[in-house]
Amino acid sequence: FRVPFFFPAVPSRMDGMLGALRATYQALASKVSPTGITATKDVPPTLSLVSWNVWFESVAFDARAAAVLNVCRDQRPDVVCFQEVTGPFCRLLQGQEWLQEYACSDDGSGSTVDPYGVLMLCRKALHPQYRFHRMPTHMDRSLLTADLLGGLVRVGTVHLESLNMHPTRVQQLEVCARVLSKSPNAVLCGDFNFDDRRNFSGQGPLENDCLRRVLPDFQDLWPAQRGAEDGYTFDSDRNPVIGQHERMRYDRVCLASPSRGGAGPRLEPRAIDLIGTHTLDHEVYGLPPAEPLTEPEADEGEAPRRGKPPVLRLGKWMDPPRDRLCPSDHFGLIAVLAFATPPS
């Protein structure tokens, strides 16, 4: 059981939906009365959010990270929530010119993701205020929140405890529930490390049932929007990174119900989809052509390494070729939310 964005840069049904939503809700946003929390004119018609466990392993790190960041650059979501971020990944963000539009939860040093952790990128126009919240953990896990639009929205991202640690995950979710309880529009996303239909062990009560008790006013957007579709985010049948059979929907985007009290615009779900499902050789990632495989040079005084496996320039010796790698061992999620006027 392992610990633990993007749309293709080609036209998709989600692209048309985003355009239609923005046109429809632009008119709506201009008519909503001020909330006292933020000026109405500052409330966007939609909020797009990505959640992705980017895999902390060093396997083909440069190529995988480049694929993630190229798609982020092309798609420009409003909020990006990463899990399993390491210092090298964090430092790569600093060289991205397009990130001038975003505020990052880390200052570029990687200090907030040591040895690994969660990270957010939010558009500066949303005026994000970041905060880390401690949780019970033996694996360096924490909850990261961003208050957006003067507190109208609070987004939290989390990487819940891994392995056979259900009691700890429940305690961590209880922290999330408390931290997100005061926001009129609350989103919790990340790697929950349990599936909605089966336990990894195959035994005991369904762990997913704890969500109804701990987060009773939150809806899991995948079943809410996609019904009975599997939505596996950790899928050995589709992702060659995963070495043994395992198909689980570990990653979630959950939204507080519109029935939660509070005045002003309310977020409602509109769409959710899997992202990052192609292998690295796909044109969607915009990677430069892979350089030819070459044998590693022998160290001084060492006999030539004839017969040794070839090495990729963008990876370590023995890294798999691109058609055997996805950007991560997890697929990501992208959700589209829209602001609507609460019923009178």
# chains A, B, ... in the order shown; residues from 1 in each chain; ligands from 1
call {"tool": "select_by_dssp", "arguments": {"residues": "range 71-263 of chain A", "states": "strand (DSSP E)", "output": "PDB file with N, CA, C and O atoms, in the first residue's frame"}}
result
ATOM      1  N   VAL A  79      -6.303  27.187  -8.556  1.00  0.00           N
ATOM      2  CA  VAL A  79      -5.646  26.656  -7.363  1.00  0.00           C
ATOM      3  C   VAL A  79      -5.033  25.309  -7.720  1.00  0.00           C
ATOM      4  O   VAL A  79      -5.679  24.470  -8.359  1.00  0.00           O
ATOM      5  N   VAL A  80      -3.787  25.110  -7.319  1.00  0.00           N
ATOM      6  CA  VAL A  80      -3.113  23.820  -7.501  1.00  0.00           C
ATOM      7  C   VAL A  80      -2.695  23.321  -6.127  1.00  0.00           C
ATOM      8  O   VAL A  80      -2.039  24.048  -5.374  1.00  0.00           O
ATOM      9  N   CYS A  81      -3.066  22.093  -5.823  1.00  0.00           N
ATOM     10  CA  CYS A  81      -2.710  21.470  -4.552  1.00  0.00           C
ATOM     11  C   CYS A  81      -1.879  20.222  -4.846  1.00  0.00           C
ATOM     12  O   CYS A  81      -2.370  19.272  -5.461  1.00  0.00           O
ATOM     13  N   PHE A  82      -0.623  20.263  -4.433  1.00  0.00           N
ATOM     14  CA  PHE A  82       0.278  19.134  -4.641  1.00  0.00           C
ATOM     15  C   PHE A  82       0.527  18.426  -3.309  1.00  0.00           C
ATOM     16  O   PHE A  82       0.618  19.064  -2.256  1.00  0.00           O
ATOM     17  N   GLN A  83       0.687  17.098  -3.390  1.00  0.00           N
ATOM     18  CA  GLN A  83       1.129  16.306  -2.247  1.00  0.00           C
ATOM     19  C   GLN A  83       2.414  15.564  -2.632  1.00  0.00           C
ATOM     20  O   GLN A  83       2.707  15.385  -3.800  1.00  0.00           O
ATOM     21  N   GLU A  84       3.152  15.126  -1.633  1.00  0.00           N
ATOM     22  CA  GLU A  84       4.454  14.457  -1.800  1.00  0.00           C
ATOM     23  C   GLU A  84       5.451  15.349  -2.542  1.00  0.00           C
ATOM     24  O   GLU A  84       6.249  14.875  -3.350  1.00  0.00           O
ATOM     25  N   VAL A  85       5.417  16.631  -2.248  1.00  0.00           N
ATOM     26  CA  VAL A  85       6.376  17.564  -2.833  1.00  0.00           C
ATOM     27  C   VAL A  85       7.679  17.484  -2.045  1.00  0.00           C
ATOM     28  O   VAL A  85       7.676  17.445  -0.807  1.00  0.00           O
ATOM     29  N   TYR A 102       1.030  33.521  -9.742  1.00  0.00           N
ATOM     30  CA  TYR A 102       0.611  32.731  -8.589  1.00  0.00           C
ATOM     31  C   TYR A 102       1.419  33.090  -7.344  1.00  0.00           C
ATOM     32  O   TYR A 102       2.564  33.527  -7.428  1.00  0.00           O
ATOM     33  N   ALA A 103       0.802  32.863  -6.199  1.00  0.00           N
ATOM     34  CA  ALA A 103       1.497  32.912  -4.920  1.00  0.00           C
ATOM     35  C   ALA A 103       1.672  31.480  -4.436  1.00  0.00           C
ATOM     36  O   ALA A 103       0.733  30.678  -4.492  1.00  0.00           O
ATOM     37  N   CYS A 104       2.873  31.170  -3.970  1.00  0.00           N
ATOM     38  CA  CYS A 104       3.205  29.808  -3.548  1.00  0.00           C
ATOM     39  C   CYS A 104       3.258  29.732  -2.027  1.00  0.00           C
ATOM     40  O   CYS A 104       3.657  30.681  -1.354  1.00  0.00           O
ATOM     41  N   GLY A 117       6.130  17.034   1.594  1.00  0.00           N
ATOM     42  CA  GLY A 117       4.923  17.615   2.168  1.00  0.00           C
ATOM     43  C   GLY A 117       3.949  18.107   1.120  1.00  0.00           C
ATOM     44  O   GLY A 117       4.004  17.721  -0.052  1.00  0.00           O
ATOM     45  N   VAL A 118       3.070  18.995   1.555  1.00  0.00           N
ATOM     46  CA  VAL A 118       2.016  19.536   0.699  1.00  0.00           C
ATOM     47  C   VAL A 118       2.363  20.969   0.327  1.00  0.00           C
ATOM     48  O   VAL A 118       3.022  21.690   1.086  1.00  0.00           O
ATOM     49  N   LEU A 119       1.894  21.372  -0.845  1.00  0.00           N
ATOM     50  CA  LEU A 119       2.213  22.701  -1.360  1.00  0.00           C
ATOM     51  C   LEU A 119       1.034  23.200  -2.180  1.00  0.00           C
ATOM     52  O   LEU A 119       0.348  22.406  -2.833  1.00  0.00           O
ATOM     53  N   MET A 120       0.797  24.520  -2.123  1.00  0.00           N
ATOM     54  CA  MET A 120      -0.272  25.126  -2.916  1.00  0.00           C
ATOM     55  C   MET A 120       0.258  26.250  -3.777  1.00  0.00           C
ATOM     56  O   MET A 120       1.177  26.979  -3.400  1.00  0.00           O
ATOM     57  N   LEU A 121      -0.370  26.397  -4.936  1.00  0.00           N
ATOM     58  CA  LEU A 121      -0.207  27.540  -5.817  1.00  0.00           C
ATOM     59  C   LEU A 121      -1.589  28.131  -6.047  1.00  0.00           C
ATOM     60  O   LEU A 121      -2.500  27.418  -6.476  1.00  0.00           O
ATOM     61  N   CYS A 122      -1.763  29.415  -5.734  1.00  0.00           N
ATOM     62  CA  CYS A 122      -3.047  30.086  -5.942  1.00  0.00           C
ATOM     63  C   CYS A 122      -2.818  31.374  -6.719  1.00  0.00           C
ATOM     64  O   CYS A 122      -1.822  32.071  -6.499  1.00  0.00           O
ATOM     65  N   ARG A 123      -3.741  31.684  -7.590  1.00  0.00           N
ATOM     66  CA  ARG A 123      -3.640  32.941  -8.323  1.00  0.00           C
ATOM     67  C   ARG A 123      -3.571  34.110  -7.346  1.00  0.00           C
ATOM     68  O   ARG A 123      -4.336  34.178  -6.372  1.00  0.00           O
ATOM     69  N   GLN A 129      -4.091  33.527   1.612  1.00  0.00           N
ATOM     70  CA  GLN A 129      -3.405  33.590   2.896  1.00  0.00           C
ATOM     71  C   GLN A 129      -3.191  32.145   3.344  1.00  0.00           C
ATOM     72  O   GLN A 129      -4.155  31.433   3.631  1.00  0.00           O
ATOM     73  N   TYR A 130      -1.928  31.715   3.431  1.00  0.00           N
ATOM     74  CA  TYR A 130      -1.621  30.320   3.714  1.00  0.00           C
ATOM     75  C   TYR A 130      -1.371  30.084   5.203  1.00  0.00           C
ATOM     76  O   TYR A 130      -0.879  30.959   5.912  1.00  0.00           O
ATOM     77  N   ARG A 131      -1.677  28.871   5.599  1.00  0.00           N
ATOM     78  CA  ARG A 131      -1.385  28.477   6.983  1.00  0.00           C
ATOM     79  C   ARG A 131      -1.249  26.963   7.055  1.00  0.00           C
ATOM     80  O   ARG A 131      -2.042  26.223   6.448  1.00  0.00           O
ATOM     81  N   PHE A 132      -0.251  26.502   7.796  1.00  0.00           N
ATOM     82  CA  PHE A 132      -0.080  25.078   8.058  1.00  0.00           C
ATOM     83  C   PHE A 132      -0.682  24.744   9.421  1.00  0.00           C
ATOM     84  O   PHE A 132      -0.551  25.513  10.374  1.00  0.00           O
ATOM     85  N   HIS A 133      -1.316  23.579   9.497  1.00  0.00           N
ATOM     86  CA  HIS A 133      -1.978  23.138  10.728  1.00  0.00           C
ATOM     87  C   HIS A 133      -1.418  21.772  11.108  1.00  0.00           C
ATOM     88  O   HIS A 133      -1.370  20.854  10.287  1.00  0.00           O
ATOM     89  N   ARG A 134      -1.015  21.634  12.360  1.00  0.00           N
ATOM     90  CA  ARG A 134      -0.446  20.377  12.828  1.00  0.00           C
ATOM     91  C   ARG A 134      -1.531  19.328  12.987  1.00  0.00           C
ATOM     92  O   ARG A 134      -2.680  19.631  13.341  1.00  0.00           O
ATOM     93  N   SER A 142       0.776  17.154   7.411  1.00  0.00           N
ATOM     94  CA  SER A 142       0.140  18.363   7.939  1.00  0.00           C
ATOM     95  C   SER A 142      -0.964  18.790   6.994  1.00  0.00           C
ATOM     96  O   SER A 142      -1.029  18.364   5.831  1.00  0.00           O
ATOM     97  N   LEU A 143      -1.846  19.628   7.494  1.00  0.00           N
ATOM     98  CA  LEU A 143      -2.907  20.236   6.696  1.00  0.00           C
ATOM     99  C   LEU A 143      -2.462  21.631   6.300  1.00  0.00           C
ATOM    100  O   LEU A 143      -2.013  22.411   7.135  1.00  0.00           O
ATOM    101  N   LEU A 144      -2.576  21.948   5.017  1.00  0.00           N
ATOM    102  CA  LEU A 144      -2.268  23.281   4.507  1.00  0.00           C
ATOM    103  C   LEU A 144      -3.555  23.915   4.012  1.00  0.00           C
ATOM    104  O   LEU A 144      -4.293  23.297   3.236  1.00  0.00           O
ATOM    105  N   THR A 145      -3.843  25.138   4.478  1.00  0.00           N
ATOM    106  CA  THR A 145      -5.042  25.832   4.022  1.00  0.00           C
ATOM    107  C   THR A 145      -4.668  27.148   3.346  1.00  0.00           C
ATOM    108  O   THR A 145      -3.628  27.743   3.636  1.00  0.00           O
ATOM    109  N   ALA A 146      -5.560  27.587   2.471  1.00  0.00           N
ATOM    110  CA  ALA A 146      -5.449  28.893   1.839  1.00  0.00           C
ATOM    111  C   ALA A 146      -6.800  29.584   1.961  1.00  0.00           C
ATOM    112  O   ALA A 146      -7.814  29.035   1.500  1.00  0.00           O
ATOM    113  N   ASP A 147      -6.826  30.738   2.619  1.00  0.00           N
ATOM    114  CA  ASP A 147      -8.034  31.559   2.637  1.00  0.00           C
ATOM    115  C   ASP A 147      -8.001  32.460   1.410  1.00  0.00           C
ATOM    116  O   ASP A 147      -7.024  33.190   1.184  1.00  0.00           O
ATOM    117  N   LEU A 148      -9.068  32.402   0.627  1.00  0.00           N
ATOM    118  CA  LEU A 148      -9.136  33.125  -0.635  1.00  0.00           C
ATOM    119  C   LEU A 148     -10.240  34.170  -0.586  1.00  0.00           C
ATOM    120  O   LEU A 148     -11.243  34.002   0.111  1.00  0.00           O
ATOM    121  N   VAL A 153     -13.629  31.816   0.728  1.00  0.00           N
ATOM    122  CA  VAL A 153     -13.336  30.418   0.424  1.00  0.00           C
ATOM    123  C   VAL A 153     -12.119  29.987   1.233  1.00  0.00           C
ATOM    124  O   VAL A 153     -11.148  30.744   1.364  1.00  0.00           O
ATOM    125  N   ARG A 154     -12.163  28.800   1.775  1.00  0.00           N
ATOM    126  CA  ARG A 154     -10.991  28.188   2.397  1.00  0.00           C
ATOM    127  C   ARG A 154     -10.755  26.836   1.744  1.00  0.00           C
ATOM    128  O   ARG A 154     -11.635  25.960   1.764  1.00  0.00           O
ATOM    129  N   VAL A 155      -9.575  26.672   1.163  1.00  0.00           N
ATOM    130  CA  VAL A 155      -9.186  25.412   0.532  1.00  0.00           C
ATOM    131  C   VAL A 155      -8.143  24.746   1.416  1.00  0.00           C
ATOM    132  O   VAL A 155      -7.177  25.378   1.842  1.00  0.00           O
ATOM    133  N   GLY A 156      -8.350  23.481   1.692  1.00  0.00           N
ATOM    134  CA  GLY A 156      -7.381  22.703   2.458  1.00  0.00           C
ATOM    135  C   GLY A 156      -6.880  21.539   1.634  1.00  0.00           C
ATOM    136  O   GLY A 156      -7.650  20.906   0.903  1.00  0.00           O
ATOM    137  N   THR A 157      -5.594  21.265   1.742  1.00  0.00           N
ATOM    138  CA  THR A 157      -5.050  20.073   1.097  1.00  0.00           C
ATOM    139  C   THR A 157      -4.270  19.266   2.116  1.00  0.00           C
ATOM    140  O   THR A 157      -3.620  19.822   3.013  1.00  0.00           O
ATOM    141  N   VAL A 158      -4.337  17.949   1.951  1.00  0.00           N
ATOM    142  CA  VAL A 158      -3.797  17.066   2.976  1.00  0.00           C
ATOM    143  C   VAL A 158      -3.329  15.770   2.333  1.00  0.00           C
ATOM    144  O   VAL A 158      -3.822  15.364   1.278  1.00  0.00           O
ATOM    145  N   HIS A 159      -2.354  15.149   2.965  1.00  0.00           N
ATOM    146  CA  HIS A 159      -1.910  13.802   2.619  1.00  0.00           C
ATOM    147  C   HIS A 159      -2.061  12.982   3.889  1.00  0.00           C
ATOM    148  O   HIS A 159      -1.221  13.064   4.792  1.00  0.00           O
ATOM    149  N   ASN A 185     -17.467  28.607   2.372  1.00  0.00           N
ATOM    150  CA  ASN A 185     -17.161  27.776   1.207  1.00  0.00           C
ATOM    151  C   ASN A 185     -15.855  27.045   1.494  1.00  0.00           C
ATOM    152  O   ASN A 185     -14.778  27.644   1.436  1.00  0.00           O
ATOM    153  N   ALA A 186     -15.948  25.782   1.828  1.00  0.00           N
ATOM    154  CA  ALA A 186     -14.780  25.007   2.219  1.00  0.00           C
ATOM    155  C   ALA A 186     -14.558  23.856   1.255  1.00  0.00           C
ATOM    156  O   ALA A 186     -15.505  23.167   0.853  1.00  0.00           O
ATOM    157  N   VAL A 187     -13.293  23.662   0.881  1.00  0.00           N
ATOM    158  CA  VAL A 187     -12.894  22.564   0.008  1.00  0.00           C
ATOM    159  C   VAL A 187     -11.770  21.804   0.703  1.00  0.00           C
ATOM    160  O   VAL A 187     -10.835  22.416   1.237  1.00  0.00           O
ATOM    161  N   LEU A 188     -11.854  20.487   0.695  1.00  0.00           N
ATOM    162  CA  LEU A 188     -10.780  19.642   1.206  1.00  0.00           C
ATOM    163  C   LEU A 188     -10.391  18.671   0.098  1.00  0.00           C
ATOM    164  O   LEU A 188     -11.245  17.948  -0.432  1.00  0.00           O
ATOM    165  N   CYS A 189      -9.119  18.675  -0.256  1.00  0.00           N
ATOM    166  CA  CYS A 189      -8.667  17.789  -1.328  1.00  0.00           C
ATOM    167  C   CYS A 189      -7.322  17.187  -0.954  1.00  0.00           C
ATOM    168  O   CYS A 189      -6.621  17.685  -0.078  1.00  0.00           O
ATOM    169  N   GLY A 190      -6.969  16.116  -1.644  1.00  0.00           N
ATOM    170  CA  GLY A 190      -5.675  15.497  -1.420  1.00  0.00           C
ATOM    171  C   GLY A 190      -5.734  13.996  -1.513  1.00  0.00           C
ATOM    172  O   GLY A 190      -6.701  13.404  -2.008  1.00  0.00           O
ATOM    173  N   ASP A 191      -4.669  13.387  -1.020  1.00  0.00           N
ATOM    174  CA  ASP A 191      -4.522  11.939  -0.994  1.00  0.00           C
ATOM    175  C   ASP A 191      -5.025  11.435   0.349  1.00  0.00           C
ATOM    176  O   ASP A 191      -4.357  11.603   1.372  1.00  0.00           O
ATOM    177  N   PHE A 218     -19.913  17.577   3.932  1.00  0.00           N
ATOM    178  CA  PHE A 218     -19.081  17.618   2.734  1.00  0.00           C
ATOM    179  C   PHE A 218     -19.545  16.553   1.748  1.00  0.00           C
ATOM    180  O   PHE A 218     -19.945  15.458   2.141  1.00  0.00           O
ATOM    181  N   GLN A 219     -19.456  16.886   0.471  1.00  0.00           N
ATOM    182  CA  GLN A 219     -19.756  15.899  -0.563  1.00  0.00           C
ATOM    183  C   GLN A 219     -18.486  15.554  -1.335  1.00  0.00           C
ATOM    184  O   GLN A 219     -17.669  16.428  -1.647  1.00  0.00           O
ATOM    185  N   ASP A 220     -18.313  14.295  -1.589  1.00  0.00           N
ATOM    186  CA  ASP A 220     -17.212  13.779  -2.394  1.00  0.00           C
ATOM    187  C   ASP A 220     -17.595  14.013  -3.853  1.00  0.00           C
ATOM    188  O   ASP A 220     -18.565  13.454  -4.357  1.00  0.00           O
ATOM    189  N   PHE A 234      -5.246   5.590  -8.420  1.00  0.00           N
ATOM    190  CA  PHE A 234      -4.080   4.701  -8.277  1.00  0.00           C
ATOM    191  C   PHE A 234      -4.477   3.408  -8.971  1.00  0.00           C
ATOM    192  O   PHE A 234      -5.222   2.595  -8.421  1.00  0.00           O
ATOM    193  N   ASP A 235      -4.012   3.245 -10.208  1.00  0.00           N
ATOM    194  CA  ASP A 235      -4.603   2.225 -11.079  1.00  0.00           C
ATOM    195  C   ASP A 235      -3.506   1.467 -11.833  1.00  0.00           C
ATOM    196  O   ASP A 235      -2.960   1.950 -12.828  1.00  0.00           O
ATOM    197  N   ARG A 247      -5.981  -1.102  -7.622  1.00  0.00           N
ATOM    198  CA  ARG A 247      -6.877  -0.122  -8.249  1.00  0.00           C
ATOM    199  C   ARG A 247      -7.716   0.511  -7.143  1.00  0.00           C
ATOM    200  O   ARG A 247      -8.621  -0.121  -6.608  1.00  0.00           O
ATOM    201  N   MET A 248      -7.400   1.769  -6.813  1.00  0.00           N
ATOM    202  CA  MET A 248      -8.040   2.437  -5.693  1.00  0.00           C
ATOM    203  C   MET A 248      -8.297   3.913  -6.025  1.00  0.00           C
ATOM    204  O   MET A 248      -7.535   4.536  -6.765  1.00  0.00           O
ATOM    205  N   ASP A 251      -7.532   9.501  -4.039  1.00  0.00           N
ATOM    206  CA  ASP A 251      -7.482  10.965  -4.081  1.00  0.00           C
ATOM    207  C   ASP A 251      -8.882  11.544  -4.213  1.00  0.00           C
ATOM    208  O   ASP A 251      -9.713  11.042  -4.988  1.00  0.00           O
ATOM    209  N   ARG A 252      -9.134  12.624  -3.480  1.00  0.00           N
ATOM    210  CA  ARG A 252     -10.495  13.178  -3.401  1.00  0.00           C
ATOM    211  C   ARG A 252     -10.481  14.697  -3.521  1.00  0.00           C
ATOM    212  O   ARG A 252      -9.500  15.364  -3.170  1.00  0.00           O
ATOM    213  N   VAL A 253     -11.623  15.217  -3.984  1.00  0.00           N
ATOM    214  CA  VAL A 253     -11.957  16.626  -3.830  1.00  0.00           C
ATOM    215  C   VAL A 253     -13.336  16.657  -3.185  1.00  0.00           C
ATOM    216  O   VAL A 253     -14.294  16.097  -3.731  1.00  0.00           O
ATOM    217  N   CYS A 254     -13.418  17.260  -2.014  1.00  0.00           N
ATOM    218  CA  CYS A 254     -14.666  17.310  -1.258  1.00  0.00           C
ATOM    219  C   CYS A 254     -15.057  18.774  -1.044  1.00  0.00           C
ATOM    220  O   CYS A 254     -14.211  19.611  -0.720  1.00  0.00           O
ATOM    221  N   LEU A 255     -16.334  19.056  -1.187  1.00  0.00           N
ATOM    222  CA  LEU A 255     -16.854  20.420  -1.077  1.00  0.00           C
ATOM    223  C   LEU A 255     -17.934  20.467  -0.021  1.00  0.00           C
ATOM    224  O   LEU A 255     -18.832  19.609   0.009  1.00  0.00           O
ATOM    225  N   ALA A 256     -17.855  21.493   0.846  1.00  0.00           N
ATOM    226  CA  ALA A 256     -18.902  21.678   1.851  1.00  0.00           C
ATOM    227  C   ALA A 256     -20.233  21.934   1.167  1.00  0.00           C
ATOM    228  O   ALA A 256     -20.314  22.637   0.157  1.00  0.00           O
TER     229      ALA A 256
END
call {"tool": "closest_atom_pairs", "arguments": {"of": "range 52-125 of chain A", "to": "range 321-331 of chain A", "cutoff": "12 Å", "atoms": "only C-alpha atoms", "output": "JSON lines"}}
result
{"residue": "A:Trp52", "atom": "CA", "partner": "A:Phe331", "partner_atom": "CA", "distance": 6.9}
{"residue": "A:Asn53", "atom": "CA", "partner": "A:His330", "partner_atom": "CA", "distance": 6.0}
{"residue": "A:Val54", "atom": "CA", "partner": "A:Ser328", "partner_atom": "CA", "distance": 5.3}
{"residue": "A:Trp55", "atom": "CA", "partner": "A:Ser328", "partner_atom": "CA", "distance": 5.4}
{"residue": "A:Phe56", "atom": "CA", "partner": "A:Ser328", "partner_atom": "CA", "distance": 8.8}
{"residue": "A:Glu57", "atom": "CA", "partner": "A:Ser328", "partner_atom": "CA", "distance": 9.1}
{"residue": "A:Ser58", "atom": "CA", "partner": "A:Ser328", "partner_atom": "CA", "distance": 10.8}
{"residue": "A:Val59", "atom": "CA", "partner": "A:Leu325", "partner_atom": "CA", "distance": 9.2}
{"residue": "A:Ala60", "atom": "CA", "partner": "A:Leu325", "partner_atom": "CA", "distance": 8.4}
{"residue": "A:Phe61", "atom": "CA", "partner": "A:Pro327", "partner_atom": "CA", "distance": 8.8}
{"residue": "A:Asp62", "atom": "CA", "partner": "A:Pro327", "partner_atom": "CA", "distance": 10.1}
{"residue": "A:Ala63", "atom": "CA", "partner": "A:Pro327", "partner_atom": "CA", "distance": 7.9}
{"residue": "A:Arg64", "atom": "CA", "partner": "A:Pro327", "partner_atom": "CA", "distance": 4.5}
{"residue": "A:Ala65", "atom": "CA", "partner": "A:Pro327", "partner_atom": "CA", "distance": 7.0}
{"residue": "A:Ala66", "atom": "CA", "partner": "A:Pro327", "partner_atom": "CA", "distance": 8.7}
{"residue": "A:Ala67", "atom": "CA", "partner": "A:Pro327", "partner_atom": "CA", "distance": 6.4}
{"residue": "A:Val68", "atom": "CA", "partner": "A:Pro327", "partner_atom": "CA", "distance": 6.6}
{"residue": "A:Leu69", "atom": "CA", "partner": "A:Pro327", "partner_atom": "CA", "distance": 10.1}
{"residue": "A:Asn70", "atom": "CA", "partner": "A:Pro327", "partner_atom": "CA", "distance": 11.2}
{"residue": "A:Val71", "atom": "CA", "partner": "A:Pro327", "partner_atom": "CA", "distance": 10.7}
{"residue": "A:Phe82", "atom": "CA", "partner": "A:His330", "partner_atom": "CA", "distance": 11.3}
{"residue": "A:Gln83", "atom": "CA", "partner": "A:His330", "partner_atom": "CA", "distance": 10.3}
{"residue": "A:Glu84", "atom": "CA", "partner": "A:Ser328", "partner_atom": "CA", "distance": 10.3}
{"residue": "A:Val85", "atom": "CA", "partner": "A:Ser328", "partner_atom": "CA", "distance": 11.5}
call {"tool": "write_last_selection", "arguments": {"atoms": "C-alpha atoms", "output": "PDB file, in the first residue's frame"}}
result
ATOM      1  CA  TRP A  52      -2.231  15.812  -7.415  1.00  0.00           C
ATOM      2  CA  ASN A  53       0.145  13.570  -5.527  1.00  0.00           C
ATOM      3  CA  VAL A  54       3.299  14.122  -7.591  1.00  0.00           C
ATOM      4  CA  TRP A  55       5.280  11.149  -6.164  1.00  0.00           C
ATOM      5  CA  PHE A  56       8.375  11.871  -4.125  1.00  0.00           C
ATOM      6  CA  GLU A  57      10.539   9.203  -5.763  1.00  0.00           C
ATOM      7  CA  SER A  58      13.592  10.259  -7.787  1.00  0.00           C
ATOM      8  CA  VAL A  59      12.728   7.965 -10.714  1.00  0.00           C
ATOM      9  CA  ALA A  60      12.992  10.084 -13.910  1.00  0.00           C
ATOM     10  CA  PHE A  61      12.397  13.119 -11.716  1.00  0.00           C
ATOM     11  CA  ASP A  62      13.347  15.778 -14.267  1.00  0.00           C
ATOM     12  CA  ALA A  63      11.108  14.433 -17.006  1.00  0.00           C
ATOM     13  CA  ARG A  64       8.166  13.791 -14.697  1.00  0.00           C
ATOM     14  CA  ALA A  65       8.380  17.214 -13.029  1.00  0.00           C
ATOM     15  CA  ALA A  66       8.698  18.910 -16.419  1.00  0.00           C
ATOM     16  CA  ALA A  67       5.537  17.151 -17.589  1.00  0.00           C
ATOM     17  CA  VAL A  68       3.584  18.327 -14.550  1.00  0.00           C
ATOM     18  CA  LEU A  69       4.773  21.910 -14.774  1.00  0.00           C
ATOM     19  CA  ASN A  70       4.272  22.173 -18.548  1.00  0.00           C
ATOM     20  CA  VAL A  71       0.650  21.172 -18.219  1.00  0.00           C
ATOM     21  CA  PHE A  82       0.278  19.134  -4.641  1.00  0.00           C
ATOM     22  CA  GLN A  83       1.129  16.306  -2.247  1.00  0.00           C
ATOM     23  CA  GLU A  84       4.454  14.457  -1.800  1.00  0.00           C
ATOM     24  CA  VAL A  85       6.376  17.564  -2.833  1.00  0.00           C
TER      25      VAL A  85
END
call {"tool": "closest_residue", "arguments": {"among": "A:Ala177, A:Met165, A:Met135, A:Val241", "to": "Glu207 in chain A", "atoms": "only C-alpha atoms"}}
result
A:Met165
call {"tool": "residues_around", "arguments": {"residues": "Pro136 in chain A", "least_positions_apart": "6", "cutoff": "9 Å", "atoms": "only C-alpha atoms", "output": "list in words"}}
result
Ser142, Thr168, Arg169, Gln171, Gln172 and Val175 of chain A
